[in-house]
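Source file: coords.txt; contents: compact mmCIF, C-alpha atoms.
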# COMPACT_ATOMS: atom_id res chain seq x y z
CA MET A 1 -4.15 22.10 2.41
CA GLY A 2 -2.78 19.22 4.48
CA GLY A 3 -6.16 17.49 4.33
CA LEU A 4 -6.38 18.08 0.57
CA LEU A 5 -2.89 16.59 0.12
CA ILE A 6 -3.88 13.42 2.01
CA ILE A 7 -7.06 13.12 -0.08
CA VAL A 8 -5.15 13.52 -3.37
CA LEU A 9 -2.59 10.89 -2.29
CA ALA A 10 -5.42 8.54 -1.25
CA LEU A 11 -7.12 9.08 -4.62
CA LEU A 12 -3.92 8.28 -6.54
CA LEU A 13 -3.38 5.19 -4.37
CA ALA A 14 -6.96 4.04 -4.97
CA ILE A 15 -6.58 4.38 -8.76
CA THR A 16 -3.21 2.60 -8.97
CA ALA A 17 -3.74 0.14 -6.07
CA TYR A 18 -3.43 -3.04 -8.15
CA LEU A 19 -0.26 -1.76 -9.85
CA VAL A 20 1.63 -0.65 -6.72
CA ALA A 21 0.40 -3.21 -4.16
CA PRO A 22 2.73 -6.15 -3.40
CA ASP A 23 -0.28 -8.45 -3.95
CA GLY A 24 -1.83 -7.52 -7.30
CA SER A 25 -4.31 -10.41 -7.41
CA PRO A 26 -8.07 -9.61 -7.49
CA TYR A 27 -9.12 -8.19 -4.08
CA ALA A 28 -5.53 -8.79 -2.84
CA ASN A 29 -6.76 -12.24 -1.89
CA ARG A 30 -3.56 -14.30 -2.19
CA GLN A 31 -4.02 -16.72 0.69
CA ILE A 32 -0.90 -18.38 2.14
CA VAL A 33 -2.29 -19.92 5.30
CA GLU A 34 1.10 -21.18 6.54
CA ILE A 35 2.22 -17.60 7.25
CA GLY A 36 -1.04 -16.27 8.76
CA GLY A 37 -0.95 -13.72 11.60
CA ARG A 38 2.64 -12.55 11.04
CA LYS A 39 4.02 -9.35 12.56
CA PRO A 40 4.90 -6.24 10.50
CA GLY A 41 8.22 -6.42 8.66
CA THR A 42 8.23 -10.23 8.38
CA SER A 43 10.05 -11.51 5.27
CA PHE A 44 9.59 -14.87 3.57
CA GLU A 45 11.04 -16.62 0.57
CA PHE A 46 8.55 -18.24 -1.80
CA LEU A 47 8.89 -20.92 -4.42
CA LEU A 48 6.77 -20.00 -7.46
CA LEU A 49 5.02 -23.17 -8.67
CA LYS A 50 3.06 -22.92 -11.94
CA LYS A 51 -0.69 -23.44 -11.72
CA GLU A 52 -2.23 -26.23 -13.79
CA ARG A 53 -4.62 -23.77 -15.42
CA GLN A 54 -2.89 -20.56 -16.43
CA PRO A 55 -5.12 -17.48 -15.98
CA ALA A 56 -5.87 -15.21 -18.92
CA LYS A 57 -3.54 -12.22 -19.18
CA ARG A 58 -5.30 -8.88 -18.72
CA ASN A 59 -4.27 -5.71 -20.50
CA PHE A 60 -3.09 -2.61 -18.64
CA PHE A 61 -6.57 -1.21 -17.98
CA GLY A 62 -7.85 -4.64 -16.97
CA ARG A 63 -5.10 -4.95 -14.36
CA LEU A 64 -5.68 -1.36 -13.24
CA LEU A 65 -9.38 -2.01 -12.58
CA PHE A 66 -9.55 -5.67 -11.55
CA GLY A 67 -6.01 -6.88 -10.85
CA GLN A 68 -4.31 -9.93 -12.35
CA GLU A 69 -4.89 -13.47 -11.11
CA ASP A 70 -1.67 -15.15 -9.97
CA ALA A 71 -0.08 -17.54 -12.45
CA TYR A 72 1.84 -19.31 -9.65
CA HIS A 73 1.25 -20.91 -6.28
CA TYR A 74 3.32 -19.16 -3.59
CA ILE A 75 4.97 -21.85 -1.42
CA PRO A 76 6.86 -20.51 1.64
CA ILE A 77 10.31 -22.06 2.04
CA THR A 78 13.13 -21.80 4.57
CA ALA A 79 15.95 -23.07 2.33
CA TYR A 80 16.46 -24.46 -1.16
CA GLN A 81 19.12 -26.07 -3.30
CA LYS A 82 19.14 -25.70 -7.07
CA GLY A 83 20.27 -28.62 -9.23
CA THR A 84 20.73 -28.89 -12.99
CA ASP A 85 17.06 -29.64 -13.74
CA SER A 86 15.31 -29.43 -10.33
CA ILE A 87 15.08 -27.55 -7.06
CA THR A 88 14.95 -29.19 -3.63
CA ALA A 89 13.29 -26.94 -1.06
CA GLU A 90 12.41 -27.02 2.62
CA GLU A 91 8.74 -26.03 2.56
CA TYR A 92 7.60 -24.10 5.62
CA ARG A 93 4.60 -25.72 7.34
CA ASP A 94 4.60 -24.19 10.83
CA GLU A 95 6.99 -22.84 13.43
CA GLY A 96 9.88 -25.33 13.53
CA LEU A 97 8.15 -27.69 11.03
CA THR A 98 9.29 -28.09 7.41
CA GLU A 99 8.88 -30.65 4.63
CA THR A 100 11.46 -31.46 1.96
CA LYS A 101 10.17 -31.54 -1.62
CA THR A 102 11.75 -31.59 -5.06
CA TYR A 103 10.33 -29.84 -8.13
CA ALA A 104 11.45 -29.93 -11.76
CA LEU A 105 12.50 -26.54 -13.12
CA SER A 106 9.83 -26.88 -15.82
CA GLN A 107 7.18 -26.73 -13.06
CA LEU A 108 8.48 -23.43 -11.72
CA ALA A 109 8.74 -19.82 -12.84
CA SER A 110 11.76 -18.68 -14.81
CA ASP A 111 12.88 -16.91 -11.62
CA PRO A 112 11.69 -19.62 -9.22
CA VAL A 113 12.40 -18.02 -5.81
CA LYS A 114 10.99 -14.68 -4.68
CA ARG A 115 11.45 -12.86 -1.38
CA GLN A 116 8.61 -10.67 -0.09
CA THR A 117 8.45 -8.44 2.98
CA PHE A 118 5.06 -7.96 4.62
CA TRP A 119 5.43 -4.42 5.93
CA LEU A 120 2.17 -4.49 7.92
CA GLY A 121 2.10 -8.24 8.53
CA THR A 122 -0.41 -10.84 7.34
CA ASP A 123 -3.95 -11.67 8.47
CA LYS A 124 -5.12 -15.10 9.63
CA PHE A 125 -5.43 -16.26 6.01
CA GLY A 126 -1.87 -15.19 5.17
CA ARG A 127 -2.96 -12.20 3.05
CA ASP A 128 -0.79 -9.09 2.88
CA ILE A 129 -2.35 -6.38 5.10
CA SER A 130 -0.64 -3.48 3.30
CA SER A 131 -2.07 -4.56 -0.09
CA ARG A 132 -5.57 -4.91 1.33
CA ILE A 133 -5.39 -1.48 2.98
CA MET A 134 -4.41 0.03 -0.38
CA LEU A 135 -7.41 -1.59 -2.06
CA GLY A 136 -9.64 -0.63 0.87
CA THR A 137 -8.92 3.00 -0.03
CA ARG A 138 -10.79 2.40 -3.28
CA VAL A 139 -13.88 1.13 -1.42
CA SER A 140 -13.95 4.01 1.09
CA LEU A 141 -13.51 6.75 -1.53
CA SER A 142 -16.08 5.12 -3.83
CA VAL A 143 -18.68 4.90 -1.07
CA GLY A 144 -18.01 8.51 -0.06
CA LEU A 145 -18.21 9.81 -3.64
CA ILE A 146 -21.40 7.98 -4.64
CA THR A 147 -23.02 8.82 -1.30
CA VAL A 148 -22.25 12.54 -1.70
CA LEU A 149 -23.57 12.54 -5.28
CA ILE A 150 -26.83 10.87 -4.21
CA SER A 151 -27.29 13.10 -1.16
CA LEU A 152 -26.49 16.28 -3.13
CA THR A 153 -28.89 15.37 -5.93
CA ILE A 154 -31.83 14.62 -3.63
CA GLY A 155 -31.02 17.38 -1.16
CA LEU A 156 -30.59 20.11 -3.78
CA VAL A 157 -33.83 19.24 -5.57
CA LEU A 158 -36.07 18.86 -2.49
CA GLY A 159 -34.45 21.74 -0.59
CA SER A 160 -34.83 24.03 -3.60
CA ILE A 161 -38.50 23.12 -4.05
CA ALA A 162 -39.22 23.68 -0.35
CA GLY A 163 -37.38 27.01 -0.11
CA TYR A 164 -38.39 28.50 -3.45
CA PHE A 165 -42.09 27.60 -3.63
CA ARG A 166 -42.79 27.47 0.13
CA GLY A 167 -46.42 26.78 1.09
CA ARG A 168 -47.71 23.22 0.88
CA ALA A 169 -44.60 21.89 -0.89
CA ASP A 170 -42.43 23.27 1.93
CA ASN A 171 -44.68 21.72 4.60
CA ILE A 172 -44.66 18.27 2.97
CA ILE A 173 -40.89 18.20 2.40
CA MET A 174 -40.12 19.49 5.90
CA TRP A 175 -42.42 16.83 7.37
CA LEU A 176 -40.51 14.16 5.42
CA ILE A 177 -37.16 15.60 6.55
CA ASN A 178 -38.25 15.63 10.21
CA VAL A 179 -39.50 12.03 10.01
CA ILE A 180 -36.23 10.77 8.51
CA TRP A 181 -34.20 12.91 10.92
CA SER A 182 -36.00 11.33 13.88
CA ILE A 183 -34.77 7.84 12.90
CA PRO A 184 -31.17 7.03 14.04
CA THR A 185 -28.92 6.95 10.98
CA LEU A 186 -27.52 3.47 11.59
CA LEU A 187 -30.98 1.98 12.13
CA LEU A 188 -32.21 3.54 8.88
CA VAL A 189 -29.13 2.23 7.05
CA PHE A 190 -29.74 -1.24 8.54
CA ALA A 191 -33.35 -1.19 7.32
CA ILE A 192 -32.42 -0.11 3.78
CA THR A 193 -29.52 -2.59 3.62
CA LEU A 194 -31.69 -5.49 4.80
CA ALA A 195 -34.35 -4.52 2.24
CA LEU A 196 -31.87 -4.28 -0.66
CA GLY A 197 -29.53 -7.08 0.46
CA ARG A 198 -25.91 -7.03 1.57
CA GLY A 199 -23.17 -5.99 -0.82
CA PHE A 200 -20.96 -3.30 -2.31
CA TRP A 201 -23.55 -1.33 -4.33
CA GLN A 202 -26.26 -1.64 -1.68
CA VAL A 203 -24.02 0.26 0.76
CA PHE A 204 -23.87 3.22 -1.67
CA ILE A 205 -27.63 3.46 -1.91
CA ALA A 206 -28.30 2.86 1.79
CA VAL A 207 -25.85 5.51 3.01
CA GLY A 208 -26.77 8.00 0.26
CA PHE A 209 -30.49 7.87 1.01
CA THR A 210 -29.88 8.66 4.69
CA MET A 211 -27.60 11.71 4.26
CA TRP A 212 -29.66 13.96 1.98
CA VAL A 213 -31.65 15.52 4.85
CA ASN A 214 -28.69 17.68 5.98
CA VAL A 215 -28.25 19.00 2.45
CA ALA A 216 -31.99 19.62 1.96
CA ARG A 217 -32.34 21.64 5.18
CA LEU A 218 -29.27 23.72 4.37
CA VAL A 219 -30.37 24.39 0.78
CA ARG A 220 -33.89 25.32 1.92
CA GLY A 221 -32.52 27.83 4.42
CA GLN A 222 -30.13 29.36 1.89
CA ILE A 223 -32.84 29.73 -0.76
CA LEU A 224 -35.26 31.30 1.75
CA ALA A 225 -32.54 33.89 2.43
CA VAL A 226 -31.88 34.79 -1.23
CA ARG A 227 -35.24 34.31 -2.99
CA GLU A 228 -36.28 37.93 -2.35
CA LEU A 229 -32.98 39.48 -3.46
CA GLU A 230 -32.78 41.73 -6.52
CA TYR A 231 -31.15 39.27 -8.92
CA VAL A 232 -33.90 36.72 -8.31
CA GLU A 233 -36.55 39.39 -8.84
CA ALA A 234 -34.74 40.40 -12.04
CA ALA A 235 -34.79 36.81 -13.29
CA LYS A 236 -38.54 36.63 -12.65
CA ALA A 237 -39.09 39.99 -14.39
CA LEU A 238 -37.22 38.73 -17.45
CA GLY A 239 -39.67 35.82 -17.64
CA PHE A 240 -37.19 33.04 -16.86
CA SER A 241 -38.70 29.72 -15.76
CA HIS A 242 -38.54 28.66 -12.14
CA ALA A 243 -36.12 25.84 -13.00
CA ARG A 244 -33.75 28.20 -14.81
CA THR A 245 -33.91 30.76 -12.00
CA ILE A 246 -33.03 28.09 -9.40
CA VAL A 247 -30.34 26.24 -11.37
CA ARG A 248 -28.64 29.10 -13.23
CA HIS A 249 -28.97 31.94 -10.74
CA ILE A 250 -29.64 30.71 -7.19
CA TRP A 251 -27.56 27.53 -6.98
CA PRO A 252 -24.21 29.16 -7.94
CA ASN A 253 -24.72 31.70 -5.12
CA ILE A 254 -25.43 29.13 -2.38
CA MET A 255 -22.83 26.50 -3.32
CA GLY A 256 -20.28 27.56 -0.68
CA PRO A 257 -22.09 26.05 2.34
CA VAL A 258 -23.23 23.08 0.22
CA ILE A 259 -19.63 22.19 -0.69
CA VAL A 260 -18.66 22.37 2.99
CA ILE A 261 -21.46 20.00 4.05
CA ALA A 262 -20.56 17.69 1.13
CA ALA A 263 -17.04 17.31 2.56
CA SER A 264 -18.55 16.57 5.98
CA ASN A 265 -20.91 13.98 4.45
CA PHE A 266 -17.96 12.36 2.68
CA ALA A 267 -16.23 11.78 6.02
CA SER A 268 -19.45 10.52 7.64
CA ALA A 269 -20.05 8.09 4.77
CA ILE A 270 -16.58 6.55 5.21
CA VAL A 271 -17.24 5.96 8.93
CA ILE A 272 -20.73 4.52 8.30
CA GLU A 273 -19.43 2.16 5.59
CA ALA A 274 -16.67 0.95 7.91
CA GLY A 275 -19.23 0.36 10.67
CA LEU A 276 -21.56 -1.56 8.36
CA SER A 277 -18.69 -3.74 7.09
CA PHE A 278 -17.55 -4.37 10.68
CA LEU A 279 -21.07 -5.55 11.54
CA GLY A 280 -21.11 -7.83 8.48
CA ILE A 281 -23.84 -6.10 6.44
CA GLY A 282 -21.62 -3.91 4.28
CA VAL A 283 -18.92 -4.95 1.83
CA GLN A 284 -18.66 -8.75 1.72
CA PRO A 285 -15.50 -10.91 1.69
CA PRO A 286 -13.14 -11.30 -0.05
CA GLN A 287 -13.44 -7.65 -1.15
CA PRO A 288 -11.21 -5.61 1.17
CA SER A 289 -12.85 -2.95 3.33
CA TRP A 290 -11.20 -1.25 6.27
CA GLY A 291 -14.16 -2.01 8.54
CA LEU A 292 -14.17 -5.66 7.44
CA MET A 293 -10.40 -5.91 8.07
CA ILE A 294 -10.91 -4.65 11.63
CA LYS A 295 -13.62 -7.26 12.15
CA GLU A 296 -11.38 -10.07 10.82
CA ASN A 297 -8.37 -9.06 12.93
CA TYR A 298 -9.66 -7.37 16.10
CA THR A 299 -8.91 -10.51 18.16
CA TYR A 300 -5.21 -9.79 17.58
CA ILE A 301 -5.49 -6.56 19.64
CA ILE A 302 -5.10 -8.54 22.89
CA THR A 303 -2.20 -10.57 21.47
CA GLN A 304 1.30 -9.51 20.53
CA ASN A 305 0.21 -8.36 17.05
CA PRO A 306 -2.39 -5.53 17.43
CA ILE A 307 -1.24 -3.72 14.26
CA LEU A 308 -3.39 -6.06 12.13
CA ALA A 309 -6.52 -4.31 13.45
CA LEU A 310 -4.97 -0.92 14.28
CA ALA A 311 -3.61 -0.31 10.75
CA PRO A 312 -7.04 -0.16 9.00
CA GLY A 313 -8.38 1.82 11.98
CA MET A 314 -5.61 4.40 11.53
CA ALA A 315 -6.38 4.54 7.80
CA ILE A 316 -10.04 5.35 8.55
CA MET A 317 -9.03 8.01 11.08
CA LEU A 318 -6.53 9.66 8.73
CA LEU A 319 -8.92 9.87 5.75
CA VAL A 320 -11.87 11.11 7.84
CA LEU A 321 -9.61 13.71 9.49
CA ALA A 322 -8.44 14.85 6.04
CA PHE A 323 -12.02 15.43 4.85
CA ASN A 324 -12.93 17.28 8.05
CA LEU A 325 -9.86 19.50 7.70
CA LEU A 326 -10.77 20.15 4.07
CA GLY A 327 -14.33 21.04 5.07
CA ASN A 328 -13.07 23.52 7.69
CA GLY A 329 -10.70 25.06 5.15
CA LEU A 330 -13.45 25.39 2.55
CA ARG A 331 -15.73 27.01 5.11
CA ASP A 332 -13.11 29.66 5.87
CA ALA A 333 -12.25 30.18 2.20
CA LEU A 334 -15.84 30.42 0.92
CA ASN A 335 -17.32 32.43 3.80
CA VAL A 336 -15.67 35.70 2.71
CA ARG A 337 -16.87 38.86 4.46
Starting from the file, give its structure as structure tokens.
Amino acid sequence: MGGLLIIVLALLLAITAYLVAPDGSPYANRQIVEIGGRKPGTSFEFLLLKKERQPAKRNFFGRLLFGQEDAYHYIPITAYQKGTDSITAEEYRDEGLTETKTYALSQLASDPVKRQTFWLGTDKFGRDISSRIMLGTRVSLSVGLITVLISLTIGLVLGSIAGYFRGRADNIIMWLINVIWSIPTLLLVFAITLALGRGFWQVFIAVGFTMWVNVARLVRGQILAVRELEYVEAAKALGFSHARTIVRHIWPNIMGPVIVIAASNFASAIVIEAGLSFLGIGVQPPQPSWGLMIKENYTYIITQNPILALAPGMAIMLLVLAFNLLGNGLRDALNVR
């Protein structure tokens, strides 16, 4: 139940990420290079300067799905003085270095100064780590979900054919399973990714097509165990088609172990996606991925600011642990004796 709670919270966070994140711009990619590499809890004041070209306003669902492009430039300041028609500010350039500039109020937002706290610090480009971790939840859950759907679809179909019909079909499918199983998962994912190209959707396909073998072997074994039982014989005696017998009568009775392995595959898919992104052949910048964030910030581990790389690593660990706990709980709940 604890794992399920974490998964539900992660799902809600993934859906509402752009609405609750401090940085609601597309991909949480608001770059403020002057404040790059800051420690957790750092606060800055920003002067909101209007952009020359104002971005189009998105409706609620547009912001929910894609975020809203910033209408202002965020200029870090250390102090400011407001006049009748202008603001004079000390713009932050670097540690101990500022530059005095004056802006007309017409160039600024109606509320021209905003303070923001970066609870998990900023990366080397000055992007808010907490916002990017929230959006990274969306990538990890999406990869896990699509991967499980692909692996379940292929695994259920091929495993059912092998276990139900046996004979030559079983021999061919088992040969294919053994060949794929003999190839290391990461190497197979690399090959598929390099063939399809690097990117967000390619990761789904690459990981999904490497995880169906577990499902197929499990389904084959389960169907071999139940195909001679009375209810299957009754379905055959009533003249039902093979497809109806498998889908309507056998599948519902073997779904317990399949659901457990689906939860395990979900966790494995999250780890594989993070590894691919860390190696640079998964999700591509500026889209936030936990593995990509570790790659961008792992040099900070040996400095005084290791949280920039540890935070996405902890997020991966927590979500994978949640799915493994859920899988263990489902195994106990569905394996009733």
(message) Neighbouring residues of Trp119 (chain A) were defined as those with any atom within 9 Å, considering all atoms listed in the file; residues of the same chain fewer than 4 positions away were excluded. Please report them as a list in words.
(response)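 Those residues are Lys39, Pro40, Gly41, Thr42, Ser43, Asp128, Ile129 and Ser130 of chain A.
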(message) Report, in Å with one decimal, the straight-line distance from CA of Ala267 (chain A) to CA of Ile15 (chain A).
(response)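 Value for the CA of Ala267 (chain A)-CA of Ile15 (chain A) distance: 19.1 Å.
With only C-alpha atoms as the atoms that count, the residue of A:Thr84, A:Asn214, A:Ser277, A:Ser110 with the shortest distance to Lys295 (chain A) is A:Ser277.
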(message) Taking all atoms listed in the file into account, name the residue in A:Val215, A:Ile133, A:Ala162, A:Leu321 that is nearest to Met293 (chain A).
(response)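 Closest to Met293 (chain A) of all the choices is A:Ile133.
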(message) List as a VMD selection string the residues having at least one atom at most 10 Å from position (-4.7, -14.4, 11.6) as given in the file, counting all atoms listed in the file.
(response) chain A and resid 33 35 to 38 121 to 127 296 to 300 305 308
Return region 237-270 of chain A, completed with N, CA and C atoms, as a compact mmCIF listing (two decimals), keeping the file's coordinate frame.
# COMPACT_ATOMS: atom_id res chain seq x y z
N ALA A 237 -38.60 38.92 -13.52
CA ALA A 237 -39.09 39.99 -14.39
C ALA A 237 -38.75 39.73 -15.85
N LEU A 238 -37.62 39.07 -16.09
CA LEU A 238 -37.22 38.73 -17.45
C LEU A 238 -37.99 37.53 -18.00
N GLY A 239 -38.84 36.92 -17.17
CA GLY A 239 -39.67 35.82 -17.64
C GLY A 239 -39.00 34.47 -17.64
N PHE A 240 -37.86 34.34 -16.92
CA PHE A 240 -37.19 33.04 -16.86
C PHE A 240 -38.06 32.04 -16.10
N SER A 241 -37.94 30.76 -16.45
CA SER A 241 -38.70 29.72 -15.76
C SER A 241 -38.16 29.53 -14.35
N HIS A 242 -38.98 28.92 -13.51
CA HIS A 242 -38.54 28.66 -12.14
C HIS A 242 -37.29 27.79 -12.11
N ALA A 243 -37.27 26.76 -12.97
CA ALA A 243 -36.12 25.84 -13.00
C ALA A 243 -34.84 26.58 -13.38
N ARG A 244 -34.94 27.46 -14.40
CA ARG A 244 -33.75 28.20 -14.81
C ARG A 244 -33.30 29.17 -13.72
N THR A 245 -34.25 29.82 -13.07
CA THR A 245 -33.91 30.76 -12.00
C THR A 245 -33.17 30.05 -10.86
N ILE A 246 -33.67 28.84 -10.50
CA ILE A 246 -33.03 28.09 -9.40
C ILE A 246 -31.65 27.59 -9.81
N VAL A 247 -31.58 26.92 -10.97
CA VAL A 247 -30.34 26.24 -11.37
C VAL A 247 -29.27 27.23 -11.82
N ARG A 248 -29.63 28.21 -12.63
CA ARG A 248 -28.64 29.10 -13.23
C ARG A 248 -28.29 30.30 -12.36
N HIS A 249 -29.19 30.69 -11.47
CA HIS A 249 -28.97 31.94 -10.74
C HIS A 249 -28.85 31.75 -9.23
N ILE A 250 -29.69 30.87 -8.65
CA ILE A 250 -29.64 30.71 -7.19
C ILE A 250 -28.56 29.72 -6.77
N TRP A 251 -28.53 28.55 -7.40
CA TRP A 251 -27.56 27.53 -6.98
C TRP A 251 -26.11 28.03 -6.96
N PRO A 252 -25.62 28.72 -8.01
CA PRO A 252 -24.21 29.16 -7.94
C PRO A 252 -23.92 30.07 -6.74
N ASN A 253 -24.94 30.77 -6.22
CA ASN A 253 -24.72 31.70 -5.12
C ASN A 253 -24.88 31.06 -3.74
N ILE A 254 -25.29 29.80 -3.69
CA ILE A 254 -25.43 29.13 -2.38
C ILE A 254 -24.52 27.91 -2.28
N MET A 255 -23.63 27.73 -3.27
CA MET A 255 -22.83 26.50 -3.32
C MET A 255 -21.74 26.44 -2.26
N GLY A 256 -21.33 27.58 -1.69
CA GLY A 256 -20.28 27.56 -0.68
C GLY A 256 -20.62 26.66 0.50
N PRO A 257 -21.71 26.92 1.22
CA PRO A 257 -22.09 26.05 2.34
C PRO A 257 -22.38 24.61 1.91
N VAL A 258 -22.91 24.44 0.70
CA VAL A 258 -23.23 23.08 0.22
C VAL A 258 -21.95 22.27 0.03
N ILE A 259 -20.91 22.90 -0.50
CA ILE A 259 -19.63 22.19 -0.69
C ILE A 259 -19.04 21.80 0.66
N VAL A 260 -19.17 22.67 1.65
CA VAL A 260 -18.66 22.37 2.99
C VAL A 260 -19.38 21.16 3.58
N ILE A 261 -20.72 21.13 3.48
CA ILE A 261 -21.46 20.00 4.05
C ILE A 261 -21.22 18.73 3.24
N ALA A 262 -20.90 18.87 1.93
CA ALA A 262 -20.56 17.69 1.13
C ALA A 262 -19.28 17.04 1.64
N ALA A 263 -18.29 17.86 2.00
CA ALA A 263 -17.04 17.31 2.56
C ALA A 263 -17.31 16.61 3.88
N SER A 264 -18.19 17.19 4.71
CA SER A 264 -18.55 16.57 5.98
C SER A 264 -19.28 15.24 5.75
N ASN A 265 -20.19 15.21 4.77
CA ASN A 265 -20.91 13.98 4.45
C ASN A 265 -19.98 12.90 3.93
N PHE A 266 -18.94 13.31 3.19
CA PHE A 266 -17.96 12.36 2.68
C PHE A 266 -17.29 11.63 3.84
N ALA A 267 -16.87 12.39 4.84
CA ALA A 267 -16.23 11.78 6.02
C ALA A 267 -17.21 10.88 6.76
N SER A 268 -18.46 11.33 6.93
CA SER A 268 -19.45 10.52 7.64
C SER A 268 -19.73 9.22 6.90
N ALA A 269 -19.78 9.28 5.56
CA ALA A 269 -20.05 8.09 4.77
C ALA A 269 -18.96 7.04 4.94
N ILE A 270 -17.70 7.49 5.02
CA ILE A 270 -16.58 6.55 5.21
C ILE A 270 -16.72 5.83 6.54
